[in-house]
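The file final_8.cif contains mmCIF, C-alpha atoms:
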```
data_coords
#
loop_
_atom_site.label_atom_id
_atom_site.label_comp_id
_atom_site.auth_asym_id
_atom_site.auth_seq_id
_atom_site.Cartn_x
_atom_site.Cartn_y
_atom_site.Cartn_z
CA MET O 1 21.87 15.41 5.11
CA PRO O 2 24.08 12.54 6.24
CA GLN O 3 23.37 8.87 5.67
CA THR O 4 21.28 7.07 8.28
CA HIS O 5 22.44 3.56 7.48
CA ARG O 6 24.08 1.72 10.35
CA THR O 7 27.64 2.92 10.08
CA HIS O 8 27.27 5.42 12.89
CA THR O 9 27.03 4.77 16.60
CA THR O 10 23.61 4.31 18.16
CA VAL O 11 23.77 7.77 19.76
CA GLY O 12 24.81 9.38 16.48
CA ARG O 13 22.08 7.61 14.55
CA LEU O 14 19.36 8.61 17.00
CA THR O 15 20.60 12.20 17.04
CA LEU O 16 20.50 12.33 13.27
CA LEU O 17 17.03 10.80 13.03
CA THR O 18 15.76 13.27 15.60
CA ALA O 19 17.15 16.13 13.52
CA LEU O 20 15.51 14.72 10.40
CA ALA O 21 12.17 14.37 12.17
CA VAL O 22 12.29 17.98 13.39
CA LEU O 23 13.23 19.17 9.92
CA ALA O 24 10.45 17.15 8.27
CA THR O 25 7.76 18.48 10.62
CA ALA O 26 8.91 22.03 9.95
CA MET O 27 8.46 21.70 6.19
CA PRO O 28 5.96 24.18 4.73
CA HIS O 29 4.51 21.60 2.32
CA PRO O 30 0.74 21.00 2.15
CA ALA O 31 1.09 17.22 1.95
CA VAL O 32 -0.64 14.83 4.34
CA ALA O 33 1.62 14.32 7.34
CA ALA O 34 2.95 10.80 7.90
CA GLY O 35 1.22 10.73 11.28
CA GLU O 36 -2.14 10.95 9.50
CA LEU O 37 -1.48 7.95 7.28
CA PRO O 38 -3.49 4.77 7.89
CA GLY O 39 -1.82 2.10 9.99
CA VAL O 40 -1.51 -1.62 9.25
CA LYS O 41 -0.53 -4.14 11.89
CA PRO O 42 1.91 -7.03 11.61
CA THR O 43 0.73 -10.57 12.22
CA ALA O 44 4.13 -12.02 13.10
CA GLU O 45 7.77 -11.08 13.58
CA THR O 46 11.06 -12.93 13.28
CA PRO O 47 13.28 -13.43 16.33
CA ALA O 48 15.25 -10.32 17.24
CA VAL O 49 18.90 -10.18 16.22
CA TYR O 50 21.57 -8.06 17.86
CA ASP O 51 24.34 -5.97 16.36
CA ASP O 52 27.00 -6.79 18.93
CA GLU O 53 29.66 -9.45 19.47
CA ALA O 54 27.31 -11.69 21.43
CA GLY O 55 24.78 -11.48 18.62
CA GLY O 56 27.32 -12.19 15.89
CA ASN O 57 27.12 -8.57 14.70
CA SER O 58 23.76 -9.40 13.16
CA ASP O 59 21.75 -6.50 11.76
CA ALA O 60 18.52 -7.25 9.90
CA ASP O 61 18.42 -5.42 6.59
CA ASP O 62 16.63 -6.76 3.50
CA PRO O 63 14.06 -9.55 2.86
CA ALA O 64 12.84 -11.45 -0.22
CA ILE O 65 9.75 -13.67 -0.43
CA TRP O 66 10.06 -17.01 -2.24
CA ARG O 67 6.77 -18.68 -3.16
CA ASN O 68 6.86 -22.47 -3.13
CA PRO O 69 4.98 -23.42 -6.31
CA ALA O 70 4.41 -26.99 -5.10
CA ASP O 71 3.04 -25.92 -1.71
CA PRO O 72 2.49 -22.15 -1.24
CA GLY O 73 1.91 -22.64 2.47
CA ARG O 74 5.54 -23.73 2.76
CA SER O 75 6.91 -20.61 1.13
CA LEU O 76 9.99 -18.94 2.59
CA VAL O 77 11.42 -15.53 3.44
CA VAL O 78 15.15 -15.10 2.77
CA ALA O 79 16.72 -12.16 4.59
CA THR O 80 20.11 -10.53 5.09
CA LEU O 81 21.67 -9.84 8.49
CA LYS O 82 24.88 -8.16 7.30
CA GLU O 83 27.79 -9.80 9.19
CA GLY O 84 25.20 -12.27 10.51
CA GLY O 85 24.83 -13.69 6.99
CA LEU O 86 21.47 -14.94 5.76
CA ARG O 87 18.42 -16.25 7.56
CA VAL O 88 15.59 -18.27 6.07
CA TYR O 89 12.19 -18.07 7.77
CA ASP O 90 8.93 -19.94 7.28
CA LEU O 91 5.55 -18.21 7.15
CA ASP O 92 5.26 -18.40 10.93
CA ALA O 93 8.41 -16.20 11.02
CA ARG O 94 10.39 -19.08 12.54
CA GLU O 95 14.02 -19.58 11.57
CA VAL O 96 14.54 -22.46 9.16
CA GLN O 97 18.18 -21.99 8.17
CA SER O 98 21.13 -19.77 9.05
CA VAL O 99 23.85 -19.17 6.46
CA ARG O 100 27.09 -17.66 7.67
CA ALA O 101 28.76 -14.80 5.85
CA PRO O 102 32.28 -15.61 4.62
CA GLU O 103 35.17 -15.21 7.02
CA ALA O 104 37.65 -12.39 6.44
CA PRO O 105 40.45 -13.58 4.13
CA GLY O 106 43.10 -12.10 6.44
CA PRO O 107 43.37 -10.72 9.98
CA ASP O 108 43.16 -7.10 8.79
CA ASP O 109 40.56 -7.68 6.06
CA ALA O 110 36.83 -7.04 6.05
CA PRO O 111 34.59 -10.05 6.76
CA GLY O 112 31.61 -10.95 4.61
CA ARG O 113 28.62 -8.64 5.07
CA PHE O 114 25.36 -9.47 3.30
CA ASN O 115 23.53 -6.27 2.49
CA ASN O 116 20.64 -6.87 0.04
CA VAL O 117 18.95 -9.95 -1.40
CA ASP O 118 16.76 -10.54 -4.46
CA LEU O 119 15.40 -13.60 -6.28
CA VAL O 120 15.87 -15.11 -9.74
CA HIS O 121 13.26 -17.56 -11.03
CA GLY O 122 13.89 -20.43 -13.41
CA MET O 123 17.51 -19.84 -14.38
CA LYS O 124 19.13 -22.84 -16.03
CA VAL O 125 22.10 -23.93 -13.94
CA GLY O 126 23.62 -27.25 -14.90
CA ALA O 127 20.99 -29.69 -16.11
CA ARG O 128 17.99 -28.01 -14.49
CA LYS O 129 16.24 -24.72 -13.99
CA SER O 130 16.48 -23.32 -10.49
CA ASP O 131 15.22 -20.46 -8.39
CA LEU O 132 18.08 -18.49 -6.89
CA ALA O 133 18.64 -16.10 -4.01
CA VAL O 134 21.26 -13.50 -4.93
CA THR O 135 22.91 -11.35 -2.25
CA SER O 136 25.27 -8.39 -2.35
CA ASP O 137 28.24 -9.15 -0.11
CA ARG O 138 29.43 -5.71 0.84
CA GLY O 139 32.30 -7.10 2.90
CA SER O 140 33.96 -8.86 -0.04
CA ASP O 141 32.53 -6.74 -2.90
CA ARG O 142 30.92 -9.74 -4.58
CA LEU O 143 27.61 -11.40 -5.28
CA ARG O 144 26.75 -14.63 -3.48
CA ILE O 145 24.31 -16.97 -5.21
CA TYR O 146 22.22 -19.68 -3.54
CA ARG O 147 19.96 -22.29 -5.10
CA ILE O 148 16.56 -22.57 -3.40
CA ASP O 149 15.18 -26.07 -2.78
CA GLY O 150 11.69 -25.88 -1.34
CA GLY O 151 11.65 -29.64 -0.82
CA ASP O 152 14.45 -29.47 1.75
CA PRO O 153 12.82 -28.36 5.02
CA ARG O 154 16.10 -27.83 6.90
CA THR O 155 18.61 -26.44 4.39
CA PRO O 156 16.69 -24.96 1.47
CA LEU O 157 19.65 -22.73 0.44
CA THR O 158 22.77 -24.16 -1.18
CA ASP O 159 25.73 -21.93 -2.09
CA ILE O 160 26.48 -22.24 -5.81
CA THR O 161 28.68 -19.13 -6.16
CA ASP O 162 31.61 -19.57 -8.52
CA PRO O 163 34.69 -19.41 -6.24
CA SER O 164 36.46 -17.33 -8.89
CA ALA O 165 33.68 -14.73 -9.14
CA PRO O 166 35.35 -11.30 -9.35
CA ALA O 167 35.10 -8.28 -7.11
CA ILE O 168 32.54 -5.84 -8.52
CA PHE O 169 33.93 -2.36 -7.82
CA SER O 170 37.37 -3.06 -6.32
CA ALA O 171 40.70 -3.88 -7.97
CA SER O 172 42.42 -5.25 -4.85
CA GLN O 173 41.81 -6.47 -1.31
CA GLU O 174 43.07 -3.09 -0.10
CA GLN O 175 40.28 -1.38 -2.02
CA ILE O 176 37.75 -3.91 -0.73
CA ASN O 177 38.79 -3.03 2.81
CA GLU O 178 37.86 0.59 2.13
CA GLN O 179 34.28 -0.72 1.75
CA ARG O 180 33.22 1.29 -1.28
CA THR O 181 31.79 -1.97 -2.42
CA ALA O 182 28.63 -3.75 -3.61
CA TYR O 183 25.65 -2.39 -1.69
CA GLY O 184 22.11 -2.28 -3.10
CA LEU O 185 20.83 -5.01 -5.44
CA ALA O 186 18.00 -5.74 -7.86
CA THR O 187 17.75 -8.74 -10.21
CA TRP O 188 15.81 -9.10 -13.46
CA THR O 189 15.50 -11.37 -16.49
CA ASP O 190 15.21 -9.86 -19.95
CA PRO O 191 12.17 -11.56 -21.57
CA SER O 192 13.48 -10.95 -25.08
CA SER O 193 16.82 -12.70 -24.55
CA GLY O 194 16.20 -14.85 -21.46
CA ARG O 195 19.39 -13.47 -19.92
CA THR O 196 19.46 -12.73 -16.20
CA TYR O 197 21.01 -9.62 -14.69
CA ALA O 198 21.73 -7.93 -11.38
CA VAL O 199 21.96 -4.18 -10.93
CA VAL O 200 24.32 -3.39 -8.05
CA SER O 201 24.98 -0.02 -6.43
CA GLN O 202 28.26 1.10 -4.85
CA ARG O 203 28.46 2.13 -1.23
CA GLU O 204 29.28 5.84 -0.65
CA ARG O 205 29.29 6.42 -4.41
CA THR O 206 26.60 7.05 -7.04
CA ALA O 207 27.59 4.23 -9.40
CA LEU O 208 25.19 1.53 -10.61
CA ARG O 209 26.69 -1.52 -12.33
CA LEU O 210 24.82 -3.97 -14.57
CA LEU O 211 26.06 -7.56 -14.19
CA GLU O 212 24.97 -10.54 -16.27
CA LEU O 213 24.67 -13.76 -14.28
CA THR O 214 26.42 -16.65 -16.03
CA ALA O 215 25.94 -20.36 -15.30
CA LYS O 216 29.11 -22.43 -15.35
CA ALA O 217 29.48 -26.02 -16.55
CA ASP O 218 30.24 -27.19 -12.99
CA GLY O 219 26.86 -25.97 -11.69
CA THR O 220 28.11 -22.74 -10.16
CA VAL O 221 27.10 -19.19 -11.10
CA SER O 222 29.34 -16.22 -11.81
CA TYR O 223 28.76 -12.81 -13.43
CA ARG O 224 30.31 -10.30 -15.79
CA THR O 225 30.09 -6.52 -16.02
CA VAL O 226 27.93 -5.19 -18.87
CA ARG O 227 27.94 -1.44 -18.19
CA THR O 228 28.10 1.19 -15.47
CA LEU O 229 26.06 4.35 -14.92
CA LYS O 230 26.68 7.12 -12.41
CA LEU O 231 23.79 9.08 -10.95
CA PRO O 232 24.35 12.75 -10.10
CA SER O 233 25.96 13.82 -6.85
CA GLU O 234 25.32 17.54 -7.44
CA PHE O 235 21.95 19.07 -8.29
CA LYS O 236 20.91 22.38 -9.85
CA LEU O 237 18.45 24.34 -7.74
CA PRO O 238 15.43 26.21 -9.18
CA LYS O 239 16.68 29.69 -8.27
CA GLY O 240 20.28 29.12 -9.24
CA GLY O 241 23.22 27.45 -7.59
CA THR O 242 23.77 23.78 -6.86
CA TRP O 243 23.28 21.44 -3.93
CA THR O 244 25.06 18.30 -2.79
CA PRO O 245 23.68 16.31 0.15
CA CYS O 246 25.85 16.72 3.22
CA GLY O 247 27.80 13.68 4.31
CA GLU O 248 31.05 12.52 5.77
CA PRO O 249 34.10 13.88 3.93
CA GLY O 250 34.55 12.05 0.62
CA GLU O 251 31.13 10.36 0.84
CA LEU O 252 28.74 10.80 -2.10
CA PRO O 253 24.94 10.24 -2.00
CA GLN O 254 24.58 6.48 -2.41
CA VAL O 255 21.79 4.20 -3.64
CA GLU O 256 20.58 1.16 -1.74
CA GLY O 257 16.90 0.32 -2.28
CA MET O 258 16.25 -0.83 -5.86
CA VAL O 259 13.68 -2.88 -7.74
CA VAL O 260 13.05 -3.72 -11.40
CA ASP O 261 9.55 -3.71 -12.89
CA PRO O 262 9.60 -6.76 -15.20
CA ALA O 263 6.56 -5.58 -17.14
CA THR O 264 8.37 -2.51 -18.45
CA GLY O 265 12.08 -3.21 -17.86
CA THR O 266 12.19 -0.19 -15.56
CA LEU O 267 14.61 0.18 -12.67
CA TYR O 268 13.60 2.24 -9.65
CA ALA O 269 16.56 3.32 -7.52
CA GLY O 270 16.41 5.12 -4.18
CA GLN O 271 19.25 7.59 -3.77
CA GLU O 272 18.96 7.75 -0.02
CA ASN O 273 19.15 11.51 0.66
CA VAL O 274 17.91 12.64 -2.76
CA GLY O 275 14.84 10.72 -3.94
CA ILE O 276 13.65 7.99 -6.31
CA TRP O 277 15.04 7.60 -9.83
CA ARG O 278 13.38 5.82 -12.74
CA LEU O 279 15.54 4.50 -15.59
CA GLY O 280 15.95 1.54 -17.88
CA ALA O 281 17.07 -1.62 -16.13
CA ASP O 282 19.71 -1.99 -18.86
CA LEU O 283 21.19 1.32 -17.58
CA LYS O 284 20.69 2.98 -20.94
CA GLY O 285 18.98 6.32 -21.41
CA LYS O 286 18.57 9.27 -19.09
CA PRO O 287 17.45 8.72 -15.47
CA GLU O 288 14.36 10.63 -14.28
CA LEU O 289 13.97 11.80 -10.67
CA ILE O 290 10.30 10.99 -10.00
CA ASP O 291 10.15 12.17 -6.38
CA LYS O 292 12.41 13.97 -3.94
CA VAL O 293 12.89 13.69 -0.22
CA ARG O 294 11.62 16.57 1.90
CA GLU O 295 15.21 17.46 2.74
CA TYR O 296 16.20 17.94 -0.91
CA GLY O 297 18.11 21.20 -1.31
CA VAL O 298 18.67 21.75 2.41
CA PRO O 299 22.27 22.86 2.97
CA GLY O 300 24.28 21.10 5.63
CA THR O 301 27.62 21.52 7.35
CA TYR O 302 29.52 18.48 8.54
CA ASP O 303 30.62 18.70 12.19
CA GLU O 304 33.86 16.79 12.71
CA GLU O 305 33.38 16.65 16.49
CA THR O 306 29.90 15.10 16.46
CA GLU O 307 30.36 13.34 13.09
CA GLU O 308 26.96 14.66 12.05
CA CYS O 309 25.61 17.21 9.57
CA VAL O 310 24.06 20.38 10.89
CA PRO O 311 21.16 21.37 8.57
CA GLY O 312 20.66 24.94 7.43
CA ASP O 313 17.45 26.71 6.44
CA ASP O 314 15.06 24.80 4.21
CA PRO O 315 14.64 26.55 0.83
CA GLY O 316 11.47 24.55 0.09
CA TYR O 317 12.71 22.56 -2.90
CA GLY O 318 11.97 19.13 -1.48
CA GLY O 319 9.12 16.72 -2.04
CA THR O 320 6.13 16.08 0.20
CA HIS O 321 5.98 12.31 0.70
CA LEU O 322 9.45 11.02 1.59
CA SER O 323 11.78 11.77 4.50
CA ALA O 324 15.41 10.75 4.10
CA ASP O 325 16.52 8.07 3.83
CA VAL O 326 14.65 6.52 0.91
CA GLU O 327 14.92 2.78 1.48
CA GLY O 328 13.22 -0.55 0.80
CA LEU O 329 11.81 -0.24 -2.73
CA THR O 330 9.52 -3.12 -3.69
CA LEU O 331 6.90 -3.72 -6.38
CA LEU O 332 3.27 -4.54 -5.55
CA ASP O 333 1.79 -6.14 -8.66
CA ILE O 334 -2.00 -5.92 -8.63
CA GLY O 335 -2.21 -8.19 -11.68
CA ARG O 336 -5.41 -6.81 -13.19
CA LYS O 337 -3.55 -5.56 -16.24
CA ASN O 338 -0.03 -4.95 -17.44
CA ALA O 339 1.92 -2.63 -15.11
CA ASP O 340 -1.00 -2.19 -12.68
CA GLY O 341 -0.06 -1.78 -9.06
CA TYR O 342 2.34 0.19 -6.89
CA LEU O 343 5.96 0.95 -6.23
CA LEU O 344 6.34 0.96 -2.44
CA ALA O 345 9.16 2.91 -0.80
CA SER O 346 10.26 3.11 2.82
CA SER O 347 10.36 6.71 4.03
CA GLN O 348 12.81 6.01 6.80
CA GLY O 349 12.91 9.47 8.33
CA ASP O 350 9.23 9.43 9.33
CA ASN O 351 8.69 5.65 9.67
CA SER O 352 6.18 5.41 6.83
CA PHE O 353 5.76 3.80 3.41
CA ALA O 354 4.84 5.72 0.25
CA ALA O 355 3.09 4.19 -2.77
CA TYR O 356 3.48 5.32 -6.39
CA GLY O 357 1.70 4.16 -9.53
CA ARG O 358 3.75 1.87 -11.78
CA GLY O 359 2.85 3.46 -15.09
CA ARG O 360 4.93 6.25 -16.62
CA GLY O 361 3.38 9.54 -15.62
CA SER O 362 1.83 8.04 -12.50
CA GLY O 363 2.60 9.70 -9.21
CA TYR O 364 2.06 9.36 -5.50
CA GLU O 365 -1.06 7.34 -4.64
CA GLY O 366 -1.00 7.10 -0.86
CA GLY O 367 0.90 5.63 2.02
CA PHE O 368 0.71 3.79 5.31
CA LYS O 369 2.61 3.01 8.49
CA VAL O 370 3.23 -0.37 10.12
CA THR O 371 1.97 0.10 13.67
CA ALA O 372 2.07 -2.03 16.81
CA ALA O 373 -0.29 -4.98 17.06
CA SER O 374 0.33 -5.51 20.78
CA GLU O 375 2.76 -4.70 23.58
CA THR O 376 5.06 -7.46 22.37
CA LEU O 377 4.49 -7.16 18.59
CA ASP O 378 5.58 -3.64 17.73
CA GLY O 379 5.47 -1.74 14.44
CA THR O 380 8.44 -0.65 12.36
CA GLU O 381 10.88 2.22 12.74
CA GLU O 382 13.83 3.24 10.54
CA SER O 383 12.75 0.55 8.08
CA ASP O 384 15.41 -0.52 5.58
CA GLY O 385 14.43 -3.38 3.27
CA ALA O 386 10.94 -4.47 2.23
CA ALA O 387 9.43 -7.16 0.02
CA VAL O 388 5.85 -7.75 -1.10
CA LEU O 389 4.12 -10.60 -2.93
CA ASN O 390 0.52 -10.39 -4.08
CA LYS O 391 -0.09 -14.13 -4.41
CA PRO O 392 -1.83 -16.54 -2.03
CA LEU O 393 0.57 -18.21 0.39
CA GLY O 394 -1.55 -21.00 1.84
CA ALA O 395 -3.87 -20.65 4.79
CA LYS O 396 -1.52 -18.31 6.65
CA TYR O 397 -1.50 -15.54 4.03
CA PRO O 398 -4.22 -16.17 1.44
CA ASN O 399 -4.14 -12.47 0.47
CA GLY O 400 -0.37 -12.25 0.00
CA LEU O 401 2.38 -10.91 2.24
CA LEU O 402 4.41 -7.79 2.97
CA VAL O 403 7.69 -8.23 4.88
CA VAL O 404 9.47 -5.15 6.24
CA GLN O 405 12.61 -4.64 8.28
CA ASP O 406 12.23 -3.08 11.70
CA GLY O 407 15.28 -1.03 12.61
CA ASP O 408 14.34 -0.76 16.30
CA ASP O 409 12.63 -3.91 17.54
CA ARG O 410 10.92 -3.53 20.90
CA PRO O 411 10.79 -4.26 23.74
CA GLY O 412 14.21 -5.79 23.04
CA GLU O 413 17.00 -6.00 25.59
CA PRO O 414 18.56 -3.06 27.47
CA ASP O 415 21.59 -1.46 25.81
CA ARG O 416 21.46 -3.70 22.72
CA ASP O 417 20.55 -2.73 19.16
CA ALA O 418 17.74 -5.11 18.20
CA THR O 419 16.34 -5.50 14.68
CA ASN O 420 14.05 -8.00 12.96
CA PHE O 421 11.41 -8.41 10.24
CA LYS O 422 7.67 -7.87 10.49
CA PHE O 423 5.17 -9.98 8.47
CA VAL O 424 2.04 -8.08 7.38
CA ASP O 425 -1.03 -9.59 5.71
CA LEU O 426 -1.44 -7.87 2.38
CA LYS O 427 -5.21 -7.31 2.61
CA PRO O 428 -5.09 -4.34 5.04
CA VAL O 429 -2.23 -2.84 3.02
CA LEU O 430 -4.34 -2.88 -0.14
CA GLU O 431 -7.29 -1.49 1.79
CA ALA O 432 -5.14 1.34 3.16
CA LEU O 433 -3.97 2.26 -0.34
CA ASN O 434 -7.38 1.93 -1.97
CA ASP O 435 -8.87 4.23 0.67
CA ARG O 436 -6.50 6.94 -0.53
CA ARG O 437 -6.51 6.41 -4.30
#
```

Write-out of the structure in structure tokens:
Amino acid sequence: MPQTHRTHTTVGRLTLLTALAVLATAMPHPAVAAGELPGVKPTAETPAVYDDEAGGNSDADDPAIWRNPADPGRSLVVATLKEGGLRVYDLDAREVQSVRAPEAPGPDDAPGRFNNVDLVHGMKVGARKSDLAVTSDRGSDRLRIYRIDGGDPRTPLTDITDPSAPAIFSASQEQINEQRTAYGLATWTDPSSGRTYAVVSQRERTALRLLELTAKADGTVSYRTVRTLKLPSEFKLPKGGTWTPCGEPGELPQVEGMVVDPATGTLYAGQENVGIWRLGADLKGKPELIDKVREYGVPGTYDEETEECVPGDDPGYGGTHLSADVEGLTLLDIGRKNADGYLLASSQGDNSFAAYGRGRGSGYEGGFKVTAASETLDGTEESDGAAVLNKPLGAKYPNGLLVVQDGDDRPGEPDRDATNFKFVDLKPVLEALNDRR
């Protein structure tokens, strides 16, 4: 099946999602349908942003939750808006700071485009340890690094990216303009060495690249490549033959949603139209496909006229809990014992979230949907990024917080693509999962 990230027109994207929904409902699997999953309601939402010229081509994508250790009630949510750059929100979902993406270096070059964001805690930069927000800049094929200052109420983010930081996957500006560039992102710190890393995926390719973050003497941060791993793009089927997810010509099944479990050094990577992989965060060893999308193994033919894939008959090789695309992987740490809790994944094709146990050998443990709280506070659809934190965040969120992207914010404005982020109290999420354990 083709990608459902926002590179298609609105009509094309809706047509594709409709086809995916029809295909998912026709699956002969005995799993609980997404429509029967428990619903949780958001308590707040960020202002809508619009993916058009008037809106600065802003498209909400991926959030991260930073807990203010000095005052948890003044914690922050840092989120990417693609060409709209970064936004910082307080716990009332109000905008605190807007950070612009870099301008295009030339008139025919791609502008900055912030895709994913993740946090680093306590990295020594200069004379002090700092918490950092790290973003993948798809437009320039680089990482952008920001120091977080919770004591600054107006501009908590400061850009400390080394100006000479290299492109990640591209050898020239011409290659950058082709946009097979830095896409998904997950950060982690190796407890044995204290070194900090980012795993970055490549757009329209299957490559994952491990980068070590390096602090410079001038107080900036750069990175260096450690190793690269390529996930499969072709898959053997149980009754013989192989399958490759259908996509635009030359496009391979990419990864976006990723998260590292610090307790085990495990990377979970969502190959959007395939499923969820588990592998070492150091990119060593053999990856394991722990769950597949329902559409796994379904043949497709790309239609040049409609720029969409036409699905064939379902051979029944897919999973039962995820509908393509797999997005928004995040780790819910219960904290009762080592590696207790859930891996949460956005099942974009049916507007739900699936939960998996963190331990090796653990499987699917339930799911939920984020549903409307009122006529003006809607639920989530086509959800991309997600972030969860199971720690008290002052009086507003004493149970912790889940933040999810909403790919179709409503009621919105006529003829404009509106997106934003929903804030969900963690207590009903835990209750929804415990009810199904």

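The closest residue to Ala198 in chain O, picked from O:Val310, O:Leu213, O:Cys246, O:Leu329 and counting only C-alpha atoms, is O:Leu213.
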
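Counting from CA of Gly285 in chain O, the distance to CA of Ala324 in chain O is 26.1 Å.
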
TODO: Check the smallest atom-to-atom distance from each of O:Glu308, O:Glu375, O:Asp314, O:Glu83 to Tyr50 in chain O using only C-alpha atoms, then report the winner.
DONE: O:Glu83

- [ ] For the structure shown, which residues end up in the PyMOL selection byres ((chain O and resi 44) around 10)? Put them as a PyMOL selection string, please?
- [x] chain O and resi 41-43+45-47+91-94+373+377-378+403+421-425

Could you write those residues out with C-alpha atoms, as a PDB file, in the frame of the given file?
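Wrote selection-v8.pdb, looks like this:
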```
ATOM      1  CA  LYS O  41      -0.530  -4.140  11.890  1.00  0.00           C
ATOM      2  CA  PRO O  42       1.910  -7.030  11.610  1.00  0.00           C
ATOM      3  CA  THR O  43       0.730 -10.570  12.220  1.00  0.00           C
ATOM      4  CA  GLU O  45       7.770 -11.080  13.580  1.00  0.00           C
ATOM      5  CA  THR O  46      11.060 -12.930  13.280  1.00  0.00           C
ATOM      6  CA  PRO O  47      13.280 -13.430  16.330  1.00  0.00           C
ATOM      7  CA  LEU O  91       5.550 -18.210   7.150  1.00  0.00           C
ATOM      8  CA  ASP O  92       5.260 -18.400  10.930  1.00  0.00           C
ATOM      9  CA  ALA O  93       8.410 -16.200  11.020  1.00  0.00           C
ATOM     10  CA  ARG O  94      10.390 -19.080  12.540  1.00  0.00           C
ATOM     11  CA  ALA O 373      -0.290  -4.980  17.060  1.00  0.00           C
ATOM     12  CA  LEU O 377       4.490  -7.160  18.590  1.00  0.00           C
ATOM     13  CA  ASP O 378       5.580  -3.640  17.730  1.00  0.00           C
ATOM     14  CA  VAL O 403       7.690  -8.230   4.880  1.00  0.00           C
ATOM     15  CA  PHE O 421      11.410  -8.410  10.240  1.00  0.00           C
ATOM     16  CA  LYS O 422       7.670  -7.870  10.490  1.00  0.00           C
ATOM     17  CA  PHE O 423       5.170  -9.980   8.470  1.00  0.00           C
ATOM     18  CA  VAL O 424       2.040  -8.080   7.380  1.00  0.00           C
ATOM     19  CA  ASP O 425      -1.030  -9.590   5.710  1.00  0.00           C
TER      20      ASP O 425
END
```

Open item on the list: When you look at range 186-189 of chain O with a cut-off of 12 Å (counting only C-alpha atoms), what residues show up, excluding the ones that are within fewer than 6 positions of it in the same chain? I need them as a PyMOL selection string.
Closed with: chain O and resi 62+64+115-123+132-136+143+145+195-201+208-213+255-270+280-282+328-331+385+387

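With distances restricted to only C-alpha atoms, O:Gln97 is the closest residue to Pro156 in chain O from O:Ser193, O:Gln97, O:Ser347, O:Ser233.
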
Open item on the list: Please compute the CA of Leu37 in chain O-CA of His321 in chain O distance, one decimal, in Å.
Closed with: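 Taking CA of Leu37 in chain O as the start and CA of His321 in chain O as the end point, the length is 10.9 Å.
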
Task: Close residues, Asn420 in chain O itself excluded, 8 Å, all atoms listed in the file, min 4 positions apart in chain, as a ChimeraX atom specification - done: /O:45-49,59-60,405-409

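In this comparison, which uses all atoms listed in the file, the residue of O:Gly126, O:Pro428, O:Pro63, O:Gly85 approaching Lys369 in chain O most closely is O:Pro428.
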
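With all atoms listed in the file as the atoms that count, the minimum distance from Ser98 in chain O to the choices O:Gly394, O:Gly56, O:Gly400, O:Pro111 is reached by O:Gly56.
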
Task: Test item: residues at most 10 Å from Glu234 in chain O, all atoms listed in the file, excluding those fewer than 6 positions along its chain, as a count of residues only - done: 6
